[in-house]
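Take a look at the structure set out below.
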Amino acid sequence: RWRCVALVRSRSAAQKLPKGALFRLVVYSDVDALARTLADATHIVNCTGLPDPSASMHDLMAANVLPTRSLLLAAPPNLQRFVHISSISVYGWNPKGGANEFSPRCPDTPYAQSKLAAEKLVLEQAHNRHVVVLQPGMIYGHDFHDGFWPALRMIERGRMKMLGSGKNRLPLVHVDDVAEGIICALHAPVHSGSVFLLVSPEEITQEKAIMSAAQELGVIAPSKRVPLHLAKLLSHGHSLVRSWQGRSSTLTPELLLQMSSDRFFDCSRARALLHWRVSVPFKIGLRQVVTQFESSQRGESYGR
């Protein structure tokens, strides 16, 4: 059993931690102060970063790369393991079917490029420290709203349309299974510099995800489809109009790509070497997301 301490940049961030969680305020640019904070650390899990696809490259590098460099520099000499949370985005939107950890990295967005830059920093230290890189898929579950709640809202209001054939596969992974993967990576007897994909082996297509969500919401499932090229045009136009209005778009190009790209990964390496097992079936995980979404909707109605 480990004594876990969260590193946060502000007290407002600390308030988002579970009640009673231990934390320390840090400034990642101050490597000396960070080294003093980490002096007694035996394991470090680096999940700091900015997952905002609309952010500038400068902001993404500052949030995803610089803190990683500082943590590596400040880590104590006796550190037993450094686990870095990367992303499947480093493989791009169109990886070849059954991509694995040895597939080419093809980052095609600024966010993906920043995640790959941070990943490379970590792997460059493989001979100096025991480092392990994890690449989770699209994380969903309790408290994961971005992308999922806008889609649920569109399904609930009858505005959702299937993008293309709907047969593309979504690389989903439940947050509980990601947490289990992190625990496995902290103690599994694997080589330094090992990389592991964390994506559920359950094949979930766009069509299955949308139909299942409609069933959980108790609404009629979408029957209309829209060609992908037209959906992309509408998405960009919708985003521009919303931007001019000073409002955020629910149909962002990022959401469209997440929903329409065919991404399937082979995670047998994580199962074989980390002994990682997926414990939350999609049906159960989806029910958790929908339940929290509906609870939020009721709260908004009461507040009006």
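Naming works like this for the structure tokens: A, B, ... for the chains as they're shown, residue 1 at the start of each chain, ligands 1 onward in shown order.
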
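Once Val175 (chain A) and its same-chain neighbours fewer than 3 positions away are set aside, Ile139, Tyr140, Gly141 and Val178 of chain A remain within 6 Å of it when counting only C-alpha atoms.
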
>> Give me, as a PyMOL selection string, all polymer residues having an atom no more than 9 Å from Val27 (chain A), counting only C-alpha atoms and skipping those fewer than 6 positions away in the same chain.
In response: chain A and resi 8-9+33-34+67

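The interatomic distance for the pair CA of His145 (chain A) and CA of Glu207 (chain A) works out to 19.9 Å.
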
> Hey, what's within 7 Å of region 97-109 of chain A if we count only C-alpha atoms and toss same-chain stuff fewer than 5 positions away? As a count of residues only, please?
Replying inline: 12

Quick one: everything within 9 Å of His191 (chain A), counting only C-alpha atoms, minus sequence neighbours fewer than 4 positions away in the same chain. Send it as a CSV table (one decimal) with N, CA, C and O atoms, in the first residue's frame.
```csv
chain,number,residue,atom,x,y,z
A,126,ALA,N,15.5,6.4,-20.3
A,126,ALA,CA,15.3,5.0,-20.0
A,126,ALA,C,16.6,4.4,-19.4
A,126,ALA,O,16.5,3.4,-18.7
A,130,HIS,N,14.2,4.2,-14.3
A,130,HIS,CA,13.3,3.2,-14.7
A,130,HIS,C,11.9,3.8,-15.1
A,130,HIS,O,11.1,4.2,-14.3
A,131,VAL,N,11.7,4.0,-16.4
A,131,VAL,CA,10.6,4.7,-16.9
A,131,VAL,C,9.6,3.8,-17.7
A,131,VAL,O,10.1,2.8,-18.4
A,132,VAL,N,8.3,4.0,-17.6
A,132,VAL,CA,7.3,3.2,-18.3
A,132,VAL,C,6.3,4.2,-18.9
A,132,VAL,O,5.9,5.2,-18.2
```

How close does region 84-183 of chain A get to region 44-54 of chain A? List, as CSV, each residue of region 84-183 of chain A within 6 Å, its nearest atom pair and the distance in Å to one decimal, counting only C-alpha atoms.
```
residue,atom,partner,partner_atom,distance
A:His84,CA,A:Asn46,CA,4.8
A:Ile85,CA,A:Cys47,CA,5.2
A:Tyr111,CA,A:Pro53,CA,5.7
```

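Those residues in region 79-139 of chain A carrying a DSSP assignment of strand (DSSP E), computed from the backbone, are Arg81, Phe82, Val83, His84, Ile85, Val131, Val132, Val133, Leu134, Gln135, Pro136, Met138 and Ile139 of chain A.
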
Next, write the just-selected residues to a file, as an mmCIF file, in the first residue's frame, keeping all heavy atoms as the atom set.
```
data_model
loop_
_atom_site.group_PDB
_atom_site.id
_atom_site.type_symbol
_atom_site.label_atom_id
_atom_site.label_comp_id
_atom_site.auth_asym_id
_atom_site.auth_seq_id
_atom_site.Cartn_x
_atom_site.Cartn_y
_atom_site.Cartn_z
ATOM 1 N N ARG A 81 10.485 4.063 -9.921
ATOM 2 C CA ARG A 81 9.819 4.012 -11.219
ATOM 3 C C ARG A 81 9.145 5.349 -11.547
ATOM 4 O O ARG A 81 8.586 6.006 -10.683
ATOM 5 C CB ARG A 81 8.780 2.891 -11.257
ATOM 6 C CG ARG A 81 8.248 2.609 -12.668
ATOM 7 C CD ARG A 81 7.730 1.207 -12.807
ATOM 8 N NE ARG A 81 8.751 0.202 -12.567
ATOM 9 C CZ ARG A 81 8.583 -1.109 -12.774
ATOM 10 N NH1 ARG A 81 7.432 -1.557 -13.237
ATOM 11 N NH2 ARG A 81 9.550 -1.965 -12.531
ATOM 12 N N PHE A 82 9.202 5.690 -12.835
ATOM 13 C CA PHE A 82 8.566 6.899 -13.360
ATOM 14 C C PHE A 82 7.571 6.445 -14.416
ATOM 15 O O PHE A 82 7.957 5.940 -15.480
ATOM 16 C CB PHE A 82 9.620 7.830 -13.973
ATOM 17 C CG PHE A 82 9.108 9.175 -14.406
ATOM 18 C CD1 PHE A 82 9.348 10.302 -13.636
ATOM 19 C CD2 PHE A 82 8.404 9.324 -15.605
ATOM 20 C CE1 PHE A 82 8.895 11.564 -14.040
ATOM 21 C CE2 PHE A 82 7.946 10.563 -16.012
ATOM 22 C CZ PHE A 82 8.189 11.691 -15.229
ATOM 23 N N VAL A 83 6.279 6.581 -14.127
ATOM 24 C CA VAL A 83 5.232 6.168 -15.064
ATOM 25 C C VAL A 83 4.660 7.414 -15.731
ATOM 26 O O VAL A 83 4.151 8.312 -15.050
ATOM 27 C CB VAL A 83 4.117 5.379 -14.348
ATOM 28 C CG1 VAL A 83 2.999 5.036 -15.332
ATOM 29 C CG2 VAL A 83 4.685 4.107 -13.730
ATOM 30 N N HIS A 84 4.753 7.461 -17.035
ATOM 31 C CA HIS A 84 4.304 8.634 -17.800
ATOM 32 C C HIS A 84 3.038 8.302 -18.569
ATOM 33 O O HIS A 84 2.969 7.288 -19.283
ATOM 34 C CB HIS A 84 5.402 9.058 -18.778
ATOM 35 C CG HIS A 84 4.994 10.159 -19.697
ATOM 36 N ND1 HIS A 84 4.839 11.461 -19.265
ATOM 37 C CD2 HIS A 84 4.697 10.152 -21.033
ATOM 38 C CE1 HIS A 84 4.477 12.214 -20.295
ATOM 39 N NE2 HIS A 84 4.370 11.454 -21.363
ATOM 40 N N ILE A 85 2.018 9.158 -18.429
ATOM 41 C CA ILE A 85 0.760 8.957 -19.141
ATOM 42 C C ILE A 85 0.797 9.727 -20.449
ATOM 43 O O ILE A 85 0.763 10.955 -20.464
ATOM 44 C CB ILE A 85 -0.453 9.405 -18.303
ATOM 45 C CG1 ILE A 85 -0.367 8.835 -16.886
ATOM 46 C CG2 ILE A 85 -1.751 8.981 -18.992
ATOM 47 C CD1 ILE A 85 -0.286 7.330 -16.810
ATOM 48 N N VAL A 131 11.738 4.001 -16.440
ATOM 49 C CA VAL A 131 10.558 4.709 -16.946
ATOM 50 C C VAL A 131 9.644 3.750 -17.696
ATOM 51 O O VAL A 131 10.104 2.818 -18.360
ATOM 52 C CB VAL A 131 10.963 5.882 -17.864
ATOM 53 C CG1 VAL A 131 11.829 6.879 -17.113
ATOM 54 C CG2 VAL A 131 11.684 5.389 -19.111
ATOM 55 N N VAL A 132 8.347 3.991 -17.573
ATOM 56 C CA VAL A 132 7.328 3.227 -18.280
ATOM 57 C C VAL A 132 6.330 4.224 -18.852
ATOM 58 O O VAL A 132 5.911 5.154 -18.166
ATOM 59 C CB VAL A 132 6.598 2.232 -17.352
ATOM 60 C CG1 VAL A 132 5.467 1.534 -18.095
ATOM 61 C CG2 VAL A 132 7.572 1.206 -16.787
ATOM 62 N N VAL A 133 5.951 4.038 -20.109
ATOM 63 C CA VAL A 133 5.002 4.932 -20.775
ATOM 64 C C VAL A 133 3.691 4.184 -21.015
ATOM 65 O O VAL A 133 3.693 3.068 -21.543
ATOM 66 C CB VAL A 133 5.571 5.447 -22.115
ATOM 67 C CG1 VAL A 133 4.506 6.219 -22.891
ATOM 68 C CG2 VAL A 133 6.796 6.319 -21.878
ATOM 69 N N LEU A 134 2.587 4.818 -20.638
ATOM 70 C CA LEU A 134 1.254 4.263 -20.891
ATOM 71 C C LEU A 134 0.533 5.151 -21.896
ATOM 72 O O LEU A 134 0.611 6.373 -21.821
ATOM 73 C CB LEU A 134 0.441 4.192 -19.599
ATOM 74 C CG LEU A 134 1.005 3.328 -18.478
ATOM 75 C CD1 LEU A 134 0.080 3.369 -17.264
ATOM 76 C CD2 LEU A 134 1.229 1.892 -18.931
ATOM 77 N N GLN A 135 -0.183 4.526 -22.822
ATOM 78 C CA GLN A 135 -0.927 5.260 -23.856
ATOM 79 C C GLN A 135 -2.402 4.870 -23.796
ATOM 80 O O GLN A 135 -2.844 3.954 -24.487
ATOM 81 C CB GLN A 135 -0.356 4.935 -25.239
ATOM 82 C CG GLN A 135 1.105 5.335 -25.414
ATOM 83 C CD GLN A 135 1.703 4.782 -26.690
ATOM 84 O OE1 GLN A 135 1.311 3.713 -27.171
ATOM 85 N NE2 GLN A 135 2.663 5.500 -27.265
ATOM 86 N N PRO A 136 -3.173 5.564 -22.954
ATOM 87 C CA PRO A 136 -4.604 5.238 -22.868
ATOM 88 C C PRO A 136 -5.365 5.689 -24.108
ATOM 89 O O PRO A 136 -4.968 6.635 -24.792
ATOM 90 C CB PRO A 136 -5.077 6.030 -21.637
ATOM 91 C CG PRO A 136 -3.835 6.491 -20.952
ATOM 92 C CD PRO A 136 -2.791 6.603 -22.009
ATOM 93 N N MET A 138 -9.475 6.616 -25.566
ATOM 94 C CA MET A 138 -10.468 7.628 -25.201
ATOM 95 C C MET A 138 -11.043 7.259 -23.830
ATOM 96 O O MET A 138 -11.832 6.320 -23.722
ATOM 97 C CB MET A 138 -11.581 7.691 -26.243
ATOM 98 C CG MET A 138 -11.147 8.207 -27.595
ATOM 99 S SD MET A 138 -12.436 7.963 -28.877
ATOM 100 C CE MET A 138 -13.818 8.867 -28.175
ATOM 101 N N ILE A 139 -10.621 7.985 -22.817
ATOM 102 C CA ILE A 139 -11.033 7.650 -21.451
ATOM 103 C C ILE A 139 -12.456 8.137 -21.207
ATOM 104 O O ILE A 139 -12.789 9.287 -21.495
ATOM 105 C CB ILE A 139 -10.076 8.280 -20.421
ATOM 106 C CG1 ILE A 139 -8.628 7.836 -20.690
ATOM 107 C CG2 ILE A 139 -10.486 7.888 -19.003
ATOM 108 C CD1 ILE A 139 -7.607 8.498 -19.780
#
```

> Looking at A:Ala112, A:Leu257, A:Ala13, A:Ala75, which one is nearest to Leu25 (chain A), with distances taken over only C-alpha atoms?
Replying inline: A:Ala13

> Near Val65 (chain A), within 8 Å and counting only C-alpha atoms, which residues show up once chain neighbours fewer than 6 positions away are dropped, as a PyMOL selection string?
Replying inline: chain A and resi 49+114-115+117-118

Residues as selected, N, CA, C and O atoms, written as a short mmCIF file (atom, residue, chain, number, x, y, z; two decimals), in the first residue's frame, can you do that?
```
data_model
loop_
_atom_site.label_atom_id
_atom_site.label_comp_id
_atom_site.auth_asym_id
_atom_site.auth_seq_id
_atom_site.Cartn_x
_atom_site.Cartn_y
_atom_site.Cartn_z
N GLY A 49 -0.83 17.81 -17.66
CA GLY A 49 -0.94 18.16 -19.06
C GLY A 49 -2.21 18.93 -19.37
O GLY A 49 -3.06 19.15 -18.51
N SER A 114 2.61 17.52 -29.12
CA SER A 114 3.12 17.84 -27.78
C SER A 114 3.19 16.58 -26.92
O SER A 114 4.13 16.41 -26.13
N LYS A 115 2.23 15.68 -27.08
CA LYS A 115 2.25 14.42 -26.31
C LYS A 115 3.42 13.54 -26.76
O LYS A 115 4.06 12.89 -25.92
N ALA A 117 6.25 14.67 -28.02
CA ALA A 117 7.47 15.32 -27.54
C ALA A 117 7.73 14.96 -26.08
O ALA A 117 8.88 14.68 -25.69
N ALA A 118 6.67 14.94 -25.27
CA ALA A 118 6.83 14.57 -23.86
C ALA A 118 7.22 13.10 -23.72
O ALA A 118 8.07 12.74 -22.91
#
```

> CA of Leu79 (chain A) and CA of His43 (chain A) are how many Å apart?
Replying inline: 6.0 Å

>> Give me, as a list of chain:residue names, all polymer residues having an atom no more than 9 Å from region 286-288 of chain A, counting only C-alpha atoms and skipping those fewer than 3 positions away in the same chain.
In response: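 In the requested form, the answer reads A:Tyr140, A:Gly141, A:His142, A:Ala209, A:Ser212, A:Ala213, A:Glu216, A:Pro281, A:Phe282, A:Lys283, A:Thr291, A:Gln292, A:Phe293.
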
>> From a backbone DSSP assignment, name each residue in region 60-183 of chain A labelled helix (DSSP H, G or I), as a PyMOL selection string.
In response: chain A and resi 60-64+66-74+88-91+110-124+148-156+175-183

> Interatomic distance between CA of Met160 (chain A) and CA of Ser87 (chain A)?
Replying inline: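 So the answer is 27.1 Å.
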
> With only C-alpha atoms as the basis for distance, which of A:Leu256, A:Ala188, A:Leu234, A:Ala179 is at the shortest distance from Val280 (chain A)?
Replying inline: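 Smallest distance to Val280 (chain A) is found for A:Ala179.
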